[in-house]
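work-v3.txt, holding compact mmCIF, C-alpha atoms:
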# COMPACT_ATOMS: atom_id res chain seq x y z
CA MET A 1 -57.36 15.30 -49.74
CA VAL A 2 -57.71 12.49 -52.27
CA TRP A 3 -60.23 9.76 -51.45
CA ARG A 4 -60.81 6.26 -52.78
CA HIS A 5 -63.53 3.68 -52.25
CA SER A 6 -62.80 1.35 -49.37
CA SER A 7 -61.68 -2.09 -50.52
CA LEU A 8 -64.04 -3.56 -47.91
CA VAL A 9 -67.17 -2.13 -49.56
CA ALA A 10 -69.31 -3.99 -52.09
CA GLU A 11 -71.09 -1.78 -54.60
CA VAL A 12 -74.08 -2.15 -56.91
CA CYS A 13 -75.27 0.74 -59.07
CA THR A 14 -77.92 1.45 -61.66
CA GLU A 15 -76.88 1.57 -65.29
CA ASN A 16 -76.57 5.34 -65.33
CA ALA A 17 -75.02 5.36 -61.83
CA GLY A 18 -77.81 7.58 -60.48
CA ARG A 19 -78.35 5.25 -57.56
CA VAL A 20 -75.74 3.23 -55.69
CA ALA A 21 -76.14 0.59 -52.98
CA LEU A 22 -73.15 -0.03 -50.70
CA LEU A 23 -72.38 -2.66 -48.08
CA HIS A 24 -69.31 -2.61 -45.86
CA VAL A 25 -68.13 -6.10 -45.03
CA ASP A 26 -68.48 -5.39 -41.28
CA ALA A 27 -71.90 -3.72 -41.56
CA THR A 28 -75.23 -5.44 -41.02
CA GLN A 29 -77.19 -3.21 -43.38
CA PRO A 30 -76.54 -1.67 -46.78
CA VAL A 31 -76.83 2.04 -47.45
CA VAL A 32 -78.06 3.77 -50.59
CA LEU A 33 -76.79 6.90 -52.29
CA ALA A 34 -78.97 8.73 -54.80
CA GLY A 35 -78.78 11.92 -56.84
CA PRO A 36 -75.95 14.22 -55.69
CA ALA A 37 -74.75 11.62 -53.17
CA ALA A 38 -74.37 9.03 -55.93
CA ALA A 39 -72.67 11.60 -58.15
CA ILE A 40 -70.10 12.28 -55.44
CA TRP A 41 -69.50 8.56 -55.01
CA GLN A 42 -68.82 8.16 -58.73
CA LEU A 43 -66.31 11.01 -58.65
CA ILE A 44 -64.29 9.39 -55.86
CA ASP A 45 -61.67 7.54 -57.86
CA GLY A 46 -58.42 7.72 -55.90
CA ARG A 47 -57.09 10.43 -58.21
CA ARG A 48 -59.35 13.46 -57.93
CA GLY A 49 -58.83 15.76 -54.98
CA GLU A 50 -61.74 17.27 -53.09
CA GLU A 51 -61.39 20.50 -55.06
CA ASP A 52 -61.64 18.55 -58.32
CA VAL A 53 -64.74 16.75 -57.09
CA VAL A 54 -66.38 20.04 -56.12
CA ALA A 55 -65.46 21.59 -59.47
CA ASP A 56 -66.98 18.67 -61.39
CA LEU A 57 -70.16 18.83 -59.32
CA LYS A 58 -70.49 22.57 -59.86
CA ALA A 59 -70.36 21.90 -63.58
CA GLU A 60 -73.12 19.33 -63.33
CA PHE A 61 -75.48 20.77 -60.72
CA GLU A 62 -77.17 24.09 -60.25
CA ASP A 63 -76.02 25.35 -56.83
CA ARG A 64 -78.20 28.39 -56.22
CA ALA A 65 -77.65 28.41 -52.44
CA GLY A 66 -73.86 28.27 -52.74
CA ARG A 67 -73.58 25.48 -50.21
CA LEU A 68 -72.26 22.77 -52.49
CA ALA A 69 -68.61 22.83 -51.42
CA ALA A 70 -69.34 22.77 -47.67
CA GLN A 71 -71.95 20.05 -48.06
CA VAL A 72 -69.62 17.92 -50.17
CA GLU A 73 -66.89 18.24 -47.55
CA ALA A 74 -69.26 17.21 -44.76
CA PHE A 75 -70.60 14.35 -46.84
CA LEU A 76 -67.09 13.02 -47.53
CA ALA A 77 -66.35 13.14 -43.80
CA ASN A 78 -69.55 11.19 -43.21
CA LEU A 79 -68.57 8.58 -45.80
CA GLU A 80 -65.19 8.25 -44.11
CA ALA A 81 -66.79 7.96 -40.66
CA GLN A 82 -68.84 5.06 -41.96
CA ARG A 83 -65.67 3.56 -43.47
CA LEU A 84 -67.05 3.65 -47.00
CA ILE A 85 -64.09 5.65 -48.29
CA GLU A 86 -60.49 6.05 -47.21
CA ALA A 87 -57.69 8.49 -47.88
CA ALA A 88 -55.91 7.42 -51.06
CA ASP A 89 -52.47 8.19 -49.65
CA GLU A 90 -53.17 6.17 -46.50
CA ALA A 91 -54.49 3.26 -48.56
CA ALA A 92 -51.24 3.21 -50.52
CA LYS A 93 -49.15 2.72 -47.36
CA MET B 1 -86.09 -0.14 -48.00
CA SER B 2 -86.63 3.55 -47.44
CA GLU B 3 -85.94 6.05 -50.15
CA VAL B 4 -84.81 9.62 -50.25
CA LEU B 5 -84.29 10.94 -53.71
CA ASN B 6 -81.98 13.90 -53.85
CA ALA B 7 -82.79 14.85 -57.37
CA GLU B 8 -85.45 14.16 -59.89
CA ILE B 9 -84.17 12.52 -63.02
CA ASN B 10 -86.38 12.32 -66.05
CA ALA B 11 -86.82 8.60 -66.64
CA SER B 12 -87.17 9.07 -70.36
CA GLU B 13 -83.64 10.46 -70.49
CA MET B 14 -82.27 7.22 -69.10
CA LYS B 15 -83.36 5.20 -72.12
CA GLY B 16 -80.46 4.42 -74.38
CA GLY B 17 -77.92 4.56 -71.59
CA PRO B 18 -76.66 8.16 -71.59
CA SER B 19 -73.79 8.99 -69.31
CA ARG B 20 -74.41 10.02 -65.71
CA ARG B 21 -72.97 13.43 -66.53
CA ARG B 22 -75.67 14.02 -69.13
CA VAL B 23 -78.48 12.73 -66.95
CA VAL B 24 -77.79 15.01 -64.01
CA ALA B 25 -76.93 18.12 -66.01
CA GLY B 26 -79.10 21.02 -64.95
CA VAL B 27 -80.44 19.24 -61.87
CA ALA B 28 -80.70 21.47 -58.82
CA TRP B 29 -78.16 20.68 -56.13
CA SER B 30 -79.54 19.26 -52.88
CA LEU B 31 -77.99 18.00 -49.68
CA PRO B 32 -76.25 14.64 -50.30
CA VAL B 33 -77.30 12.06 -47.74
CA ILE B 34 -76.60 8.44 -46.88
CA ILE B 35 -79.83 6.47 -46.88
CA THR B 36 -80.05 3.65 -44.36
CA ALA B 37 -82.04 0.63 -45.42
CA VAL B 38 -84.86 -0.42 -43.13
CA ALA B 39 -86.18 -3.96 -42.85
CA ALA B 40 -89.85 -3.03 -43.08
CA PRO B 41 -91.38 -6.54 -43.12
CA ALA B 42 -89.63 -7.51 -39.89
CA ALA B 43 -90.86 -4.33 -38.24
CA ALA B 44 -94.44 -5.06 -39.12
CA ALA B 45 -94.24 -8.56 -37.73
CA SER B 46 -92.35 -7.88 -34.51
CA GLY B 47 -94.99 -5.83 -32.65
CA LEU B 48 -92.28 -3.41 -31.56
CA SER B 49 -93.06 0.29 -31.81
CA VAL B 50 -90.22 2.34 -30.44
CA THR B 51 -89.75 5.91 -31.58
CA ALA B 52 -86.32 7.44 -31.24
CA GLY B 53 -85.78 11.17 -30.91
CA LEU B 54 -83.27 13.78 -29.84
CA VAL B 55 -84.20 16.01 -26.90
CA GLY B 56 -83.26 19.67 -26.59
CA THR B 57 -81.62 20.11 -29.97
CA GLY B 58 -79.66 23.37 -30.02
CA SER B 59 -79.35 23.56 -26.23
CA ALA B 60 -76.26 24.88 -24.47
CA VAL B 61 -74.12 21.85 -23.61
CA THR B 62 -70.68 21.25 -22.12
CA TYR B 63 -67.97 19.37 -23.98
CA LEU B 64 -65.44 17.50 -21.81
CA PRO B 65 -61.88 16.78 -23.00
CA SER B 66 -61.51 13.37 -24.65
CA GLY B 67 -58.20 12.62 -22.95
CA GLY B 68 -59.65 12.28 -19.47
CA THR B 69 -59.10 14.54 -16.48
CA GLY B 70 -56.31 17.04 -16.84
CA ALA B 71 -56.32 16.98 -20.61
CA GLY B 72 -57.87 20.43 -20.86
CA THR B 73 -60.64 22.58 -19.60
CA ASN B 74 -64.20 22.02 -20.67
CA ARG B 75 -65.60 23.76 -23.73
CA ASN B 76 -69.03 25.28 -24.24
CA GLY B 77 -71.19 24.58 -27.23
CA SER B 78 -74.60 23.56 -28.44
CA GLY B 79 -76.36 20.32 -29.29
CA PRO B 80 -79.09 17.97 -28.12
CA THR B 81 -79.17 17.04 -24.44
CA ALA B 82 -80.38 13.47 -24.74
CA LEU B 83 -81.48 10.57 -26.90
CA GLN B 84 -85.02 9.46 -26.11
CA LEU B 85 -86.70 6.13 -26.87
CA GLN B 86 -90.48 5.99 -26.53
CA ASN B 87 -91.93 2.49 -26.48
CA LYS B 88 -95.52 2.49 -27.72
CA GLY B 89 -95.63 -1.22 -28.48
CA ALA B 90 -94.64 -4.52 -26.94
CA ALA B 91 -91.97 -4.68 -24.27
CA VAL B 92 -88.41 -4.63 -25.55
CA ASN B 93 -86.37 -7.30 -23.79
CA SER B 94 -83.39 -7.67 -26.12
CA PRO B 95 -80.45 -5.31 -26.66
CA ILE B 96 -80.85 -2.07 -28.57
CA SER B 97 -77.74 -0.94 -30.40
CA GLY B 98 -76.71 2.01 -32.50
CA THR B 99 -74.00 4.07 -34.08
CA ILE B 100 -72.86 7.62 -33.49
CA ASN B 101 -71.18 9.63 -36.22
CA ILE B 102 -70.13 13.25 -35.82
CA ALA B 103 -68.91 14.68 -39.10
CA PRO B 104 -67.18 18.07 -39.21
CA VAL B 105 -68.78 20.83 -41.26
CA GLY B 106 -65.87 22.20 -43.25
CA THR B 107 -62.25 21.80 -42.21
CA VAL B 108 -61.68 21.59 -38.47
CA ALA B 109 -58.63 21.19 -36.25
CA ALA B 110 -60.32 18.98 -33.67
CA GLY B 111 -63.32 16.68 -33.52
CA ALA B 112 -66.34 16.34 -31.29
CA GLY B 113 -67.48 13.05 -29.84
CA VAL B 114 -69.71 11.35 -27.30
CA GLN B 115 -68.17 10.40 -23.97
CA SER B 116 -71.24 8.74 -22.51
CA ILE B 117 -74.89 8.15 -23.25
CA THR B 118 -75.99 6.55 -19.99
CA PRO B 119 -77.52 4.07 -19.38
CA ALA B 120 -76.29 2.80 -22.74
CA ALA B 121 -72.64 1.75 -23.03
CA VAL B 122 -70.45 3.51 -25.60
CA ALA B 123 -67.79 1.46 -27.38
CA SER B 124 -65.42 1.58 -30.35
CA SER B 125 -64.97 5.35 -30.22
CA SER B 126 -62.42 6.79 -32.63
CA TYR B 127 -61.50 9.92 -34.53
CA SER B 128 -60.41 9.90 -38.15
CA ALA B 129 -57.60 11.95 -39.68
CA SER B 130 -60.17 14.57 -40.71
CA HIS B 131 -61.55 14.62 -37.12
CA ALA B 132 -64.77 12.73 -37.84
CA TYR B 133 -65.97 10.77 -34.81
CA ASN B 134 -67.28 7.22 -35.08
CA GLY B 135 -68.69 5.23 -32.16
CA SER B 136 -71.30 2.68 -31.22
CA PHE B 137 -73.52 1.99 -28.24
CA THR B 138 -75.54 -0.82 -26.74
CA TYR B 139 -78.44 -0.73 -24.29
CA THR B 140 -79.37 -4.02 -22.67
CA ALA B 141 -81.81 -3.15 -19.87
CA GLY B 142 -84.91 -3.27 -22.08
CA ILE B 143 -87.91 -0.93 -22.21
CA PRO B 144 -91.28 -1.94 -20.72
CA SER B 145 -94.35 -1.37 -22.87
CA GLY B 146 -95.54 2.22 -22.69
CA GLN B 147 -92.35 3.50 -21.09
CA THR B 148 -89.92 6.20 -22.23
CA VAL B 149 -86.20 6.07 -21.55
CA ASN B 150 -83.93 9.11 -21.74
CA PHE B 151 -80.23 8.74 -22.48
CA PRO B 152 -78.46 11.97 -21.48
CA ILE B 153 -75.62 12.64 -23.91
CA GLN B 154 -72.27 13.81 -22.52
CA PHE B 155 -70.30 15.26 -25.40
CA GLN B 156 -66.54 15.57 -25.56
CA PHE B 157 -64.06 17.41 -27.72
CA GLU B 158 -61.01 15.76 -29.24
CA SER B 159 -57.85 16.60 -27.32
CA VAL B 160 -55.26 17.47 -29.95
CA ASN B 161 -51.99 19.33 -30.00
CA PRO B 162 -52.04 22.04 -31.13
CA SER B 163 -55.60 22.70 -30.11
CA PRO B 164 -57.88 24.88 -32.25
CA LYS B 165 -57.43 28.61 -31.99
CA LYS B 166 -58.98 30.01 -28.81
CA GLY B 167 -62.46 31.28 -29.49
CA ALA B 168 -62.88 29.29 -32.70
CA VAL B 169 -66.44 27.98 -33.16
CA LEU B 170 -66.44 24.63 -34.97
CA SER B 171 -69.55 23.00 -36.38
CA TYR B 172 -70.44 19.35 -36.83
CA THR B 173 -73.32 17.15 -37.95
CA LEU B 174 -74.39 14.49 -35.45
CA THR B 175 -75.99 11.32 -36.84
CA ILE B 176 -77.27 8.67 -34.44
CA THR B 177 -78.74 5.43 -35.70
CA VAL B 178 -80.80 3.24 -33.38
CA THR B 179 -81.28 -0.43 -34.24
CA LEU B 180 -84.05 -2.30 -32.44
CA PRO B 181 -84.07 -6.05 -31.74
CA ASP B 182 -86.23 -6.57 -34.86
CA ALA B 183 -83.37 -5.12 -36.96
CA THR B 184 -85.24 -1.94 -37.85
CA THR B 185 -83.14 1.19 -37.81
CA GLN B 186 -83.99 4.83 -37.21
CA ALA B 187 -81.61 7.66 -38.03
CA LEU B 188 -81.51 10.98 -36.18
CA THR B 189 -79.49 14.06 -37.05
CA ALA B 190 -78.71 17.35 -35.32
CA GLY B 191 -76.20 20.15 -35.55
CA LEU B 192 -73.42 20.65 -33.00
CA THR B 193 -71.11 23.57 -32.28
CA VAL B 194 -68.10 23.77 -29.97
CA THR B 195 -66.38 27.00 -28.91
CA PHE B 196 -62.70 26.34 -28.28
Same coordinates, now as structure tokens:
Amino acid sequence: MVWRHSSLVAEVCTENAGRVALLHVDATQPVVLAGPAAAIWQLIDGRRGEEDVVADLKAEFEDRAGRLAAQVEAFLANLEAQRLIEAADEAAK
Amino acid sequence: MSEVLNAEINASEMKGGPSRRRVVAGVAWSLPVIITAVAAPAAAASGLSVTAGLVGTGSAVTYLPSGGTGAGTNRNGSGPTALQLQNKGAAVNSPISGTINIAPVGTVAAGAGVQSITPAAVASSSYSASHAYNGSFTYTAGIPSGQTVNFPIQFQFESVNPSPKKGAVLSYTLTITVTLPDATTQALTAGLTVTF
């Protein structure tokens, strides 16, 4: 699955992108992503697949518990449920 | 605004604008989370003090088919039995609203959702292509000062064709946000499983 940022989401991030604030146009409150969550957000570019995102994160983070891939998948589903991201192929339709 | 930092980043490394890749290198992985902003000043001024919680997390619960009667037999699983709001402050006389998200853990062939959370009204329920559930609820009856209201949760499973393999145990993460009339929000999470 390839994901992209929703076009209905406004985004503000720190200079090094370690912290990202997001607001969906239909939402009443912003949400904040930090650390690994912000890193995942930055890797969602409409071109990388989930496997590519996981591979990049494994290169950047120390995953001693071996839960990175499953947690990334659940997190992406959560982002989609909150309409912060959308499937890139569906967005192209 | 509340804060949950997932990783510690040495502030001195940020000087000079290094790339994100360099900053996070070597940082221990931790669970990525979405942080919901909370309007703290409004909460302090409103006099409201409602604590939200999930009752019976990990209990045996029944999942009804999402397609209504005849769409399939019930499924067994686990999860919380109810949402509970304890009012320790002034009476709440305006609507309380919230969102319900149920995100699959790993790849799943069907989703899990909430069919009812009485006496609140569930609306805008939907499943995404990856079987994540998204819904909202509103409770308008108010909560007198000092009272506790329980909202029994009736879960459902997504009726899909083909259905998941018989006996498959699928896992999900339930996230419920509760927004009080003073615009403060509380987020609750719990694990769910459904045996198909």
In file coordinates, which residues lie within 12 Å of (-73.6, 22.1, -46.7) using only C-alpha atoms, given as a list in words? Asp63, Ala65, Gly66, Arg67, Leu68, Ala69, Ala70, Gln71, Val72, Glu73, Ala74, Phe75, Leu76 and Ala77 of chain A; Trp29, Ser30, Leu31, Pro32, Val33, Ala103, Pro104, Val105, Gly106, Ser171, Tyr172, Thr173 and Gly191 of chain B
Distance of atom CA of B:Ala187 from atom CA of A:Phe61, expressed in Å to one decimal place: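 Rounded to one decimal, the two atoms are 26.9 Å apart.
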Should the cut-off be 10 Å, what would the residue list for chain A against chain B look like, counting all atoms listed in the file, as a PyMOL selection string? chain A and resi 1+15-19+21-22+28-40+42+56-83+86-87+90
Would you mind exporting the chosen residues as a short mmCIF file (atom, residue, chain, number, x, y, z; two decimals), keeping the file's coordinate frame, restricted to C-alpha atoms?
data_model
loop_
_atom_site.label_atom_id
_atom_site.label_comp_id
_atom_site.auth_asym_id
_atom_site.auth_seq_id
_atom_site.Cartn_x
_atom_site.Cartn_y
_atom_site.Cartn_z
CA MET A 1 -57.36 15.30 -49.74
CA GLU A 15 -76.88 1.57 -65.29
CA ASN A 16 -76.57 5.34 -65.33
CA ALA A 17 -75.02 5.36 -61.83
CA GLY A 18 -77.81 7.58 -60.48
CA ARG A 19 -78.35 5.25 -57.56
CA ALA A 21 -76.14 0.59 -52.98
CA LEU A 22 -73.15 -0.03 -50.70
CA THR A 28 -75.23 -5.44 -41.02
CA GLN A 29 -77.19 -3.21 -43.38
CA PRO A 30 -76.54 -1.67 -46.78
CA VAL A 31 -76.83 2.04 -47.45
CA VAL A 32 -78.06 3.77 -50.59
CA LEU A 33 -76.79 6.90 -52.29
CA ALA A 34 -78.97 8.73 -54.80
CA GLY A 35 -78.78 11.92 -56.84
CA PRO A 36 -75.95 14.22 -55.69
CA ALA A 37 -74.75 11.62 -53.17
CA ALA A 38 -74.37 9.03 -55.93
CA ALA A 39 -72.67 11.60 -58.15
CA ILE A 40 -70.10 12.28 -55.44
CA GLN A 42 -68.82 8.16 -58.73
CA ASP A 56 -66.98 18.67 -61.39
CA LEU A 57 -70.16 18.83 -59.32
CA LYS A 58 -70.49 22.57 -59.86
CA ALA A 59 -70.36 21.90 -63.58
CA GLU A 60 -73.12 19.33 -63.33
CA PHE A 61 -75.48 20.77 -60.72
CA GLU A 62 -77.17 24.09 -60.25
CA ASP A 63 -76.02 25.35 -56.83
CA ARG A 64 -78.20 28.39 -56.22
CA ALA A 65 -77.65 28.41 -52.44
CA GLY A 66 -73.86 28.27 -52.74
CA ARG A 67 -73.58 25.48 -50.21
CA LEU A 68 -72.26 22.77 -52.49
CA ALA A 69 -68.61 22.83 -51.42
CA ALA A 70 -69.34 22.77 -47.67
CA GLN A 71 -71.95 20.05 -48.06
CA VAL A 72 -69.62 17.92 -50.17
CA GLU A 73 -66.89 18.24 -47.55
CA ALA A 74 -69.26 17.21 -44.76
CA PHE A 75 -70.60 14.35 -46.84
CA LEU A 76 -67.09 13.02 -47.53
CA ALA A 77 -66.35 13.14 -43.80
CA ASN A 78 -69.55 11.19 -43.21
CA LEU A 79 -68.57 8.58 -45.80
CA GLU A 80 -65.19 8.25 -44.11
CA ALA A 81 -66.79 7.96 -40.66
CA GLN A 82 -68.84 5.06 -41.96
CA ARG A 83 -65.67 3.56 -43.47
CA GLU A 86 -60.49 6.05 -47.21
CA ALA A 87 -57.69 8.49 -47.88
CA GLU A 90 -53.17 6.17 -46.50
#
With a distance cut-off of 6 Å and only C-alpha atoms, select the neighbouring residues of B:Ala112, excluding the residue or stretch itself and same-chain residues fewer than 2 positions from it, and output the selection as a list in words.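 Within the cut-off, the hits are Gln156, Phe157 and Glu158 of chain B.
Nearest to A:Ala27 of all the residues A:Leu84, A:Gly49, A:Val54, A:Ile44 is A:Leu84, counting only C-alpha atoms.
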Would you compute the distance between atom CA of B:Ser49 and atom CA of B:Gln154? Give it in Å to one decimal.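 Separating atom CA of B:Ser49 from atom CA of B:Gln154 is a distance of 26.5 Å.
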At most 9 Å from (-57.7, 15.8, -57.8), file frame, all atoms listed in the file: which residues, as a list in words?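 Within 9 Å of (-57.7, 15.8, -57.8), the protein and nucleic acid residues are Met1, Val2, Gly46, Arg47, Arg48, Gly49, Glu50, Glu51, Asp52 and Val53 of chain A.
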Computed interatomic separation between atom CA of B:Leu192 and atom CA of A:Trp3 (Å):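 Going from atom CA of B:Leu192 over to atom CA of A:Trp3 covers 25.2 Å.
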Set the distance at 7 Å and use only C-alpha atoms: which residues neighbour stretch 80-90 of chain B once local chain neighbours fewer than 5 positions away are removed? I'd like the list as a PyMOL selection string. chain B and resi 47-59+143+145-153
